[in-house]
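*Asks:* To be precise about what I am sending: the file is called model-v2.txt and holds compact mmCIF, C-alpha atoms and all ligand atoms.
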```txt
# COMPACT_ATOMS: atom_id res chain seq x y z
CA MET A 28 0.00 0.00 0.00
CA LEU A 29 1.30 3.42 -0.98
CA LYS A 30 2.24 5.58 2.02
CA ILE A 31 2.80 9.30 1.81
CA ALA A 32 5.88 9.83 3.93
CA SER A 33 6.73 13.34 2.80
CA ALA A 34 4.97 16.12 0.93
CA GLU A 35 6.46 19.52 0.15
CA PHE A 36 5.34 22.46 -1.95
CA LEU A 37 7.73 22.72 -4.88
CA GLN A 38 6.62 25.62 -7.06
CA GLY A 39 3.74 27.52 -8.61
CA VAL A 40 3.67 27.67 -12.40
CA VAL A 41 1.91 30.37 -14.45
CA ASP A 42 3.79 29.68 -17.65
CA LEU A 43 4.64 26.22 -19.00
CA ARG A 44 8.27 27.25 -19.48
CA GLN A 45 8.51 27.20 -15.68
CA LEU A 46 7.59 23.51 -15.37
CA PRO A 47 9.95 21.52 -13.12
CA LYS A 48 12.92 20.17 -15.05
CA ASN A 49 12.70 16.83 -13.32
CA GLU A 50 10.05 14.84 -15.23
CA LEU A 51 8.54 12.68 -12.52
CA CYS A 52 5.22 10.87 -12.55
CA GLU A 53 2.32 13.34 -12.14
CA ILE A 54 -1.02 12.92 -10.35
CA VAL A 55 -3.18 15.89 -11.33
CA TYR A 56 -6.14 17.42 -9.45
CA ILE A 57 -8.82 19.24 -11.45
CA GLY A 58 -12.07 20.93 -10.52
CA ARG A 59 -14.01 24.13 -10.23
CA SER A 60 -13.19 26.73 -7.60
CA ASN A 61 -14.28 25.77 -4.12
CA VAL A 62 -14.89 22.09 -4.98
CA GLY A 63 -12.25 21.10 -2.41
CA LYS A 64 -9.07 20.43 -4.43
CA SER A 65 -6.64 21.94 -1.94
CA SER A 66 -8.48 20.33 0.99
CA LEU A 67 -8.32 16.95 -0.69
CA LEU A 68 -4.62 17.37 -1.37
CA ASN A 69 -3.97 18.20 2.27
CA LYS A 70 -6.03 15.21 3.39
CA MET A 71 -4.17 12.87 1.04
CA CYS A 72 -0.88 14.02 2.58
CA ASN A 73 -2.27 14.29 6.13
CA LYS A 74 -0.92 17.84 6.29
CA LYS A 75 -3.15 20.70 7.36
CA ASN A 76 -1.55 23.59 5.55
CA LEU A 77 0.30 22.13 2.59
CA ALA A 78 -2.11 23.63 0.06
CA ARG A 79 -3.91 26.83 0.95
CA THR A 80 -7.67 26.35 1.31
CA SER A 81 -10.22 29.09 1.44
CA THR A 82 -13.87 29.93 1.81
CA VAL A 83 -13.29 32.52 -0.92
CA PRO A 84 -13.35 30.76 -4.30
CA GLY A 85 -10.65 31.36 -6.87
CA LYS A 86 -7.74 31.23 -4.42
CA THR A 87 -5.52 28.91 -6.45
CA ARG A 88 -4.54 30.73 -9.67
CA GLU A 89 -1.39 28.84 -10.59
CA ILE A 90 -0.48 25.26 -11.35
CA ASN A 91 0.93 24.20 -8.01
CA TYR A 92 3.50 21.41 -7.86
CA TYR A 93 4.01 19.35 -4.72
CA ILE A 94 6.70 16.73 -4.45
CA ILE A 95 5.63 13.54 -2.71
CA ASN A 96 8.05 11.01 -1.16
CA ASN A 97 10.75 12.78 -3.18
CA SER A 98 9.63 10.66 -6.11
CA PHE A 99 6.43 11.92 -7.77
CA TYR A 100 4.30 15.04 -8.11
CA PHE A 101 0.84 16.06 -7.00
CA VAL A 102 -0.27 18.84 -9.33
CA ASP A 103 -3.08 21.20 -8.25
CA LEU A 104 -4.55 22.90 -11.33
CA PRO A 105 -6.19 26.32 -10.91
CA GLY A 106 -9.92 26.11 -10.23
CA TYR A 107 -12.39 27.22 -12.87
CA GLY A 108 -15.95 28.49 -13.07
CA TYR A 109 -15.55 31.33 -10.64
CA ALA A 110 -18.07 33.92 -11.84
CA LYS A 111 -16.11 37.00 -10.77
CA VAL A 112 -13.08 36.17 -12.88
CA PRO A 113 -12.62 38.57 -15.84
CA GLU A 114 -13.04 37.08 -19.33
CA GLN A 115 -9.39 37.65 -20.22
CA MET A 116 -8.26 35.58 -17.25
CA ARG A 117 -10.70 32.83 -18.16
CA ALA A 118 -9.20 32.58 -21.63
CA GLY A 119 -5.75 32.45 -20.05
CA TRP A 120 -6.87 29.59 -17.82
CA LYS A 121 -8.19 27.60 -20.79
CA LYS A 122 -4.96 28.00 -22.70
CA LEU A 123 -2.79 27.10 -19.71
CA ILE A 124 -4.75 23.91 -18.95
CA GLU A 125 -4.95 22.76 -22.55
CA ASP A 126 -1.24 23.46 -23.17
CA PHE A 127 -0.50 21.55 -19.97
CA LEU A 128 -2.48 18.50 -21.16
CA LYS A 129 -1.00 18.46 -24.63
CA ARG A 130 2.65 18.98 -23.73
CA GLY A 131 4.84 15.93 -24.39
CA GLN A 132 4.63 14.33 -20.99
CA PRO A 133 1.62 12.09 -20.29
CA VAL A 134 -0.23 12.51 -16.98
CA ALA A 135 -0.23 9.25 -14.96
CA LEU A 136 -3.64 9.88 -13.39
CA ALA A 137 -6.03 12.81 -13.13
CA MET A 138 -8.66 13.33 -10.45
CA GLN A 139 -11.68 15.22 -11.72
CA LEU A 140 -13.36 16.62 -8.61
CA ILE A 141 -17.09 17.35 -8.55
CA ASP A 142 -19.15 18.35 -5.50
CA SER A 143 -21.13 15.23 -4.54
CA ARG A 144 -24.27 17.32 -4.03
CA GLN A 145 -24.20 18.81 -7.49
CA GLU A 146 -24.41 17.90 -11.12
CA PRO A 147 -21.33 18.36 -13.28
CA THR A 148 -21.09 21.91 -14.67
CA PRO A 149 -20.50 22.58 -18.39
CA LEU A 150 -16.83 23.29 -17.55
CA ASP A 151 -16.53 19.95 -15.70
CA LEU A 152 -17.89 18.23 -18.81
CA MET A 153 -15.49 20.15 -21.03
CA MET A 154 -12.58 19.09 -18.80
CA MET A 155 -13.67 15.46 -19.02
CA ASP A 156 -13.89 15.75 -22.81
CA TRP A 157 -10.30 17.03 -22.81
CA LEU A 158 -9.16 14.16 -20.60
CA GLU A 159 -10.83 11.69 -22.98
CA TYR A 160 -9.36 13.45 -26.01
CA TYR A 161 -5.81 13.45 -24.62
CA GLU A 162 -6.33 9.89 -23.31
CA VAL A 163 -5.54 10.73 -19.70
CA PRO A 164 -6.76 8.06 -17.25
CA TYR A 165 -8.93 9.77 -14.64
CA LEU A 166 -11.19 9.26 -11.66
CA LEU A 167 -14.37 11.12 -10.87
CA VAL A 168 -14.03 12.16 -7.24
CA LEU A 169 -17.27 13.26 -5.56
CA THR A 170 -16.13 15.69 -2.86
CA LYS A 171 -17.70 16.73 0.46
CA SER A 172 -19.49 13.37 0.73
CA ASP A 173 -20.09 14.06 4.44
CA LYS A 174 -22.64 16.68 3.41
CA LEU A 175 -24.99 14.03 1.97
CA PRO A 176 -26.91 11.37 3.91
CA PHE A 177 -25.58 7.89 3.10
CA SER A 178 -28.58 6.82 0.99
CA LYS A 179 -28.52 10.03 -1.05
CA LEU A 180 -24.82 9.63 -1.70
CA GLY A 181 -25.44 6.08 -2.93
CA LYS A 182 -28.12 7.35 -5.31
CA GLN A 183 -25.87 10.11 -6.55
CA ILE A 184 -23.09 7.61 -7.31
CA GLU A 185 -25.56 5.46 -9.26
CA LEU A 186 -26.67 8.53 -11.25
CA TYR A 187 -23.05 9.33 -12.09
CA LYS A 188 -22.40 5.70 -13.11
CA ASP A 189 -25.36 5.79 -15.48
CA HIS A 190 -24.52 9.17 -16.88
CA PHE A 191 -20.86 8.37 -17.54
CA HIS A 192 -21.37 4.74 -18.51
CA SER A 193 -19.52 5.01 -21.84
CA GLN A 194 -16.56 6.89 -20.28
CA LEU A 195 -16.34 4.14 -17.62
CA THR A 196 -16.60 1.21 -20.00
CA GLU A 197 -14.95 2.43 -23.20
CA GLY A 198 -13.24 5.68 -22.23
CA CYS A 199 -10.55 6.78 -19.79
CA CYS A 200 -12.66 7.04 -16.63
CA ARG A 201 -11.34 4.46 -14.15
CA GLY A 202 -13.92 4.87 -11.40
CA ILE A 203 -16.14 7.07 -9.24
CA VAL A 204 -14.92 7.68 -5.68
CA PRO A 205 -16.75 9.62 -2.93
CA PHE A 206 -14.38 11.68 -0.77
CA SER A 207 -14.58 13.64 2.45
CA ILE A 208 -11.95 15.48 4.45
CA ILE A 209 -14.21 15.13 7.50
CA SER A 210 -14.80 11.36 7.48
CA GLY A 211 -11.69 10.38 5.52
CA ASP A 212 -13.97 8.62 3.04
CA GLY A 213 -12.15 7.78 -0.22
CA ARG A 214 -8.57 8.45 0.87
CA LEU A 215 -7.36 4.85 0.86
CA GLU A 216 -9.14 4.14 -2.40
CA LEU A 217 -7.42 7.09 -4.08
CA LEU A 218 -4.03 5.93 -2.75
CA LYS A 219 -4.68 2.50 -4.27
CA PHE A 220 -5.56 4.03 -7.64
CA ILE A 221 -2.44 6.22 -7.55
CA ASP A 222 -0.30 3.19 -6.73
CA SER A 223 -1.74 1.17 -9.61
CA HIS A 224 -1.19 4.01 -12.10
CA PHE A 225 2.52 4.38 -11.47
CA GLN A 226 3.07 1.54 -13.94
CA THR A 227 1.75 3.74 -16.71
CA SER A 228 4.02 6.66 -15.83
CA PRO A 229 6.59 7.65 -18.47
CA LYS A 230 9.56 7.04 -16.16
CA LYS A 231 8.48 3.51 -15.27
CA LYS A 232 7.80 2.72 -18.92
CA LYS A 233 11.29 3.85 -19.91
CA GLU A 234 12.89 1.86 -17.11
CA ALA A 235 10.94 -1.26 -18.06
CA VAL A 236 12.31 -1.37 -21.61
N1 LIG B 1 -17.75 19.54 4.78
C1 LIG B 1 -16.70 19.51 3.95
N2 LIG B 1 -16.16 20.68 3.53
C2 LIG B 1 -15.12 20.63 2.66
C3 LIG B 1 -14.60 19.38 2.20
N3 LIG B 1 -13.59 19.64 1.32
C4 LIG B 1 -13.48 20.99 1.26
N4 LIG B 1 -14.39 21.60 2.05
C5 LIG B 1 -14.56 23.07 2.24
O1 LIG B 1 -14.80 23.68 0.99
C6 LIG B 1 -14.17 24.97 0.90
C7 LIG B 1 -13.27 25.07 -0.33
O2 LIG B 1 -12.20 24.16 -0.22
P1 LIG B 1 -10.81 24.35 -1.00
O3 LIG B 1 -10.03 23.09 -0.73
O4 LIG B 1 -10.17 25.63 -0.68
O5 LIG B 1 -11.33 24.38 -2.53
P2 LIG B 1 -10.46 24.52 -3.88
O6 LIG B 1 -11.10 23.60 -4.87
O7 LIG B 1 -9.02 24.31 -3.62
O8 LIG B 1 -10.78 26.02 -4.30
P3 LIG B 1 -9.88 27.02 -5.22
O9 LIG B 1 -8.48 27.00 -4.69
O10 LIG B 1 -10.59 28.30 -5.07
O11 LIG B 1 -9.96 26.50 -6.61
C8 LIG B 1 -13.41 25.14 2.22
O12 LIG B 1 -14.21 25.91 3.09
C9 LIG B 1 -13.27 23.72 2.74
O13 LIG B 1 -13.19 23.63 4.14
C10 LIG B 1 -15.21 18.14 2.69
O14 LIG B 1 -14.84 17.01 2.36
N5 LIG B 1 -16.26 18.29 3.55
MG MG B 2 -7.33 25.51 -3.96
```
Turn the structure described in the file into structure tokens.
*Replies:*
Amino acid sequence: MLKIASAEFLQGVVDLRQLPKNELCEIVYIGRSNVGKSSLLNKMCNKKNLARTSTVPGKTREINYYIINNSFYFVDLPGYGYAKVPEQMRAGWKKLIEDFLKRGQPVALAMQLIDSRQEPTPLDLMMMDWLEYYEVPYLLVLTKSDKLPFSKLGKQIELYKDHFHSQLTEGCCRGIVPFSIISGDGRLELLKFIDSHFQTSPKKKKEAV
């Protein structure tokens, strides 16, 4: 079982030329502002203040790199869908994310976060289309699962399974995982998925040949 022994902030990237030189395996976190990306990252690492969280949406504006166990990266992409963001910045975000996905290095695993109480937004669906297009394996992570009664959460998961049936069976979606920073729901499952996706990382592939 994968254990996170160390987690450190490495750098914030606003321009792809600033990407870390060391091409390690990347686990990428994606989702709209306020969905709980930074909170999830902290929970995964069992560190309270590794990634800054906020009640004010739109806090994370850069691609933030964290180095885990000195051997792979957690990458926190800037949140989207924040209404107060000027149009010009929104266009900048789109370009940054798409350039990030289509640069040479494949992403080992992406986590597409969606609030468990809500339906996916048009931008969530666009992100998932991009992940399918660039053939990035990803998980749908339903955040803040503690905010739903157990039976409602079960129903919501079933709805998501139905809705994304083709992505789950023929596409790149590897599963749907409820997550909560309060109950710890989903943490071990995500660690297992991360562990099993290291094999597909570029470094491992090169070493295997
Ligand atoms: N109840 C509950 N609240 C959560 C959970 N995860 C996050 N939150 C709360 O949701 C709010 C937003 O969380 P963040 O982690 O800052 O969200 P983010 O996606 O990083 O937001 P941006 O950086 O703006 O893109 C904070 O008030 C968190 O405490 C959860 O599992 N359960
Ligand atoms: Mg954040």
*Asks:* A:Ile124, A:Ala137, A:Leu158, A:Ala78: which is nearest ligand MG 2 (chain B), counting only C-alpha atoms and all ligand atoms?
*Replies:*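 Closest residue, counting only C-alpha atoms and all ligand atoms: A:Ala78.
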*Asks:* Where's the centre, and what are the edge lengths in Å to one decimal, of a box along x, y and z enclosing all listed atoms of range 36-44 of chain A padded 8 Å per side, as AutoDock Vina command-line options?
*Replies:*
```
--center_x 5.1 --center_y 26.4 --center_z -10.7 --size_x 22.4 --size_y 23.9 --size_z 33.5
```
*Asks:* Which one of A:Gln132, A:Ser60, A:Asn96, A:Asn76 sits closest to Tyr161 in chain A if you count all atoms listed in the file?
*Replies:*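 Smallest distance to Tyr161 in chain A is found for A:Gln132.
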*Asks:* Would you give me, as a tab-separated table, each residue of chain A having an atom within 10 Å of an atom of ligand LIG 1 (chain B), along with its shortest atom pair and that distance in Å to one decimal, using only C-alpha atoms and all ligand atoms and sorting by chain and residue number?
*Replies:*
```
residue	atom	partner	partner_atom	distance
A:Tyr56	CA	B:LIG1	O6	9.2
A:Ile57	CA	B:LIG1	O6	8.2
A:Gly58	CA	B:LIG1	O6	6.3
A:Arg59	CA	B:LIG1	O11	5.9
A:Ser60	CA	B:LIG1	O11	3.4
A:Asn61	CA	B:LIG1	O8	3.5
A:Val62	CA	B:LIG1	O6	4.1
A:Gly63	CA	B:LIG1	O5	3.4
A:Lys64	CA	B:LIG1	O6	3.8
A:Ser65	CA	B:LIG1	O7	3.8
A:Ser66	CA	B:LIG1	O3	3.6
A:Leu67	CA	B:LIG1	N3	6.2
A:Leu68	CA	B:LIG1	O3	7.9
A:Asn69	CA	B:LIG1	O3	8.3
A:Lys70	CA	B:LIG1	N3	9.0
A:Ala78	CA	B:LIG1	O7	7.9
A:Arg79	CA	B:LIG1	O4	6.6
A:Thr80	CA	B:LIG1	O4	3.3
A:Ser81	CA	B:LIG1	O4	4.1
A:Thr82	CA	B:LIG1	O12	4.2
A:Val83	CA	B:LIG1	O10	6.5
A:Pro84	CA	B:LIG1	O10	3.8
A:Gly85	CA	B:LIG1	O10	3.6
A:Lys86	CA	B:LIG1	O10	4.1
A:Thr87	CA	B:LIG1	O9	3.9
A:Arg88	CA	B:LIG1	O9	7.4
A:Glu89	CA	B:LIG1	O9	9.4
A:Asp103	CA	B:LIG1	O7	8.1
A:Leu104	CA	B:LIG1	O11	8.0
A:Pro105	CA	B:LIG1	O11	5.7
A:Gly106	CA	B:LIG1	O11	3.6
A:Tyr107	CA	B:LIG1	O11	6.8
A:Gly108	CA	B:LIG1	O11	9.0
A:Tyr109	CA	B:LIG1	O10	8.1
A:Leu140	CA	B:LIG1	O6	8.2
A:Ile141	CA	B:LIG1	O6	9.4
A:Asp142	CA	B:LIG1	N3	8.9
A:Ser143	CA	B:LIG1	O14	9.5
A:Leu169	CA	B:LIG1	O14	9.1
A:Thr170	CA	B:LIG1	O14	5.5
A:Lys171	CA	B:LIG1	O14	3.4
A:Ser172	CA	B:LIG1	O14	6.1
A:Asp173	CA	B:LIG1	N5	5.8
A:Lys174	CA	B:LIG1	N1	5.8
A:Leu175	CA	B:LIG1	N1	9.5
A:Pro205	CA	B:LIG1	O14	9.3
A:Phe206	CA	B:LIG1	O14	6.2
A:Ser207	CA	B:LIG1	O14	3.4
A:Ile208	CA	B:LIG1	O14	3.9
A:Ile209	CA	B:LIG1	N5	5.5
A:Ser210	CA	B:LIG1	O14	7.6
A:Gly211	CA	B:LIG1	O14	8.0
A:Asp212	CA	B:LIG1	O14	8.5
A:Gly213	CA	B:LIG1	O14	10.0
```
*Asks:* Mind giving me the straight-line distance from CA of Asp126 in chain A to CA of Asp151 in chain A in Å, one decimal?
*Replies:* 17.4 Å
*Asks:* List the neighbours of Trp157 in chain A out to 10 Å using all atoms listed in the file; skip same-chain residues closer than 5 positions along the sequence, and give me the result as a VMD selection string.
*Replies:* chain A and resid 124 to 125 128 to 129 151 to 152 162 to 163
*Asks:* For Arg130 in chain A, which residue out of A:Cys52, A:Leu43, A:Ile95, A:Ala32 is the nearest one, using all atoms listed in the file?
*Replies:* A:Leu43
*Asks:* Give me the residues near Cys199 in chain A as a compact mmCIF listing (two decimals) with C-alpha atoms, in the coordinates of the input, where near means some atom within 12 Å (using all atoms listed in the file) and where sequence neighbours in that chain fewer than 5 positions away do not count.
*Replies:*
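Result file is part.txt:
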```txt
# COMPACT_ATOMS: atom_id res chain seq x y z
CA ALA A 135 -0.23 9.25 -14.96
CA LEU A 136 -3.64 9.88 -13.39
CA ALA A 137 -6.03 12.81 -13.13
CA MET A 138 -8.66 13.33 -10.45
CA GLN A 139 -11.68 15.22 -11.72
CA MET A 155 -13.67 15.46 -19.02
CA ASP A 156 -13.89 15.75 -22.81
CA TRP A 157 -10.30 17.03 -22.81
CA LEU A 158 -9.16 14.16 -20.60
CA GLU A 159 -10.83 11.69 -22.98
CA TYR A 160 -9.36 13.45 -26.01
CA TYR A 161 -5.81 13.45 -24.62
CA GLU A 162 -6.33 9.89 -23.31
CA VAL A 163 -5.54 10.73 -19.70
CA PRO A 164 -6.76 8.06 -17.25
CA TYR A 165 -8.93 9.77 -14.64
CA LEU A 166 -11.19 9.26 -11.66
CA LEU A 167 -14.37 11.12 -10.87
CA PHE A 191 -20.86 8.37 -17.54
CA HIS A 192 -21.37 4.74 -18.51
CA SER A 193 -19.52 5.01 -21.84
CA GLN A 194 -16.56 6.89 -20.28
```
*Asks:* What is the distance between CA of Phe99 in chain A and CA of Glu216 in chain A, in Å to one decimal?
*Replies:* 18.2 Å
*Asks:* Have a look at CA of Lys30 in chain A and CA of Leu195 in chain A and let me know their distance in Å, one decimal.
*Replies:*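 Atom-to-atom, CA of Lys30 in chain A and CA of Leu195 in chain A are spaced 27.1 Å apart.
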*Asks:* Which residue gives the smallest distance to Ile90 in chain A among A:Cys200, A:Glu114, A:Cys72, A:Val55, with all atoms listed in the file counted?
*Replies:*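 Selected residue with least distance to Ile90 in chain A: A:Val55.
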*Asks:* Under the rule that all atoms listed in the file are counted, which of A:Gln145, A:Asn91, A:Gly131, A:Leu217 is the nearest residue to ligand MG 2 (chain B)?
*Replies:* A:Asn91
*Asks:* Return the single residue from A:Leu186, A:Val102, A:Leu215, A:Leu150 that is closest to ligand MG 2 (chain B), with distances computed using all atoms listed in the file.
*Replies:*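 Going through A:Leu186, A:Val102, A:Leu215, A:Leu150 one by one, the smallest distance to ligand MG 2 (chain B) is for A:Val102.
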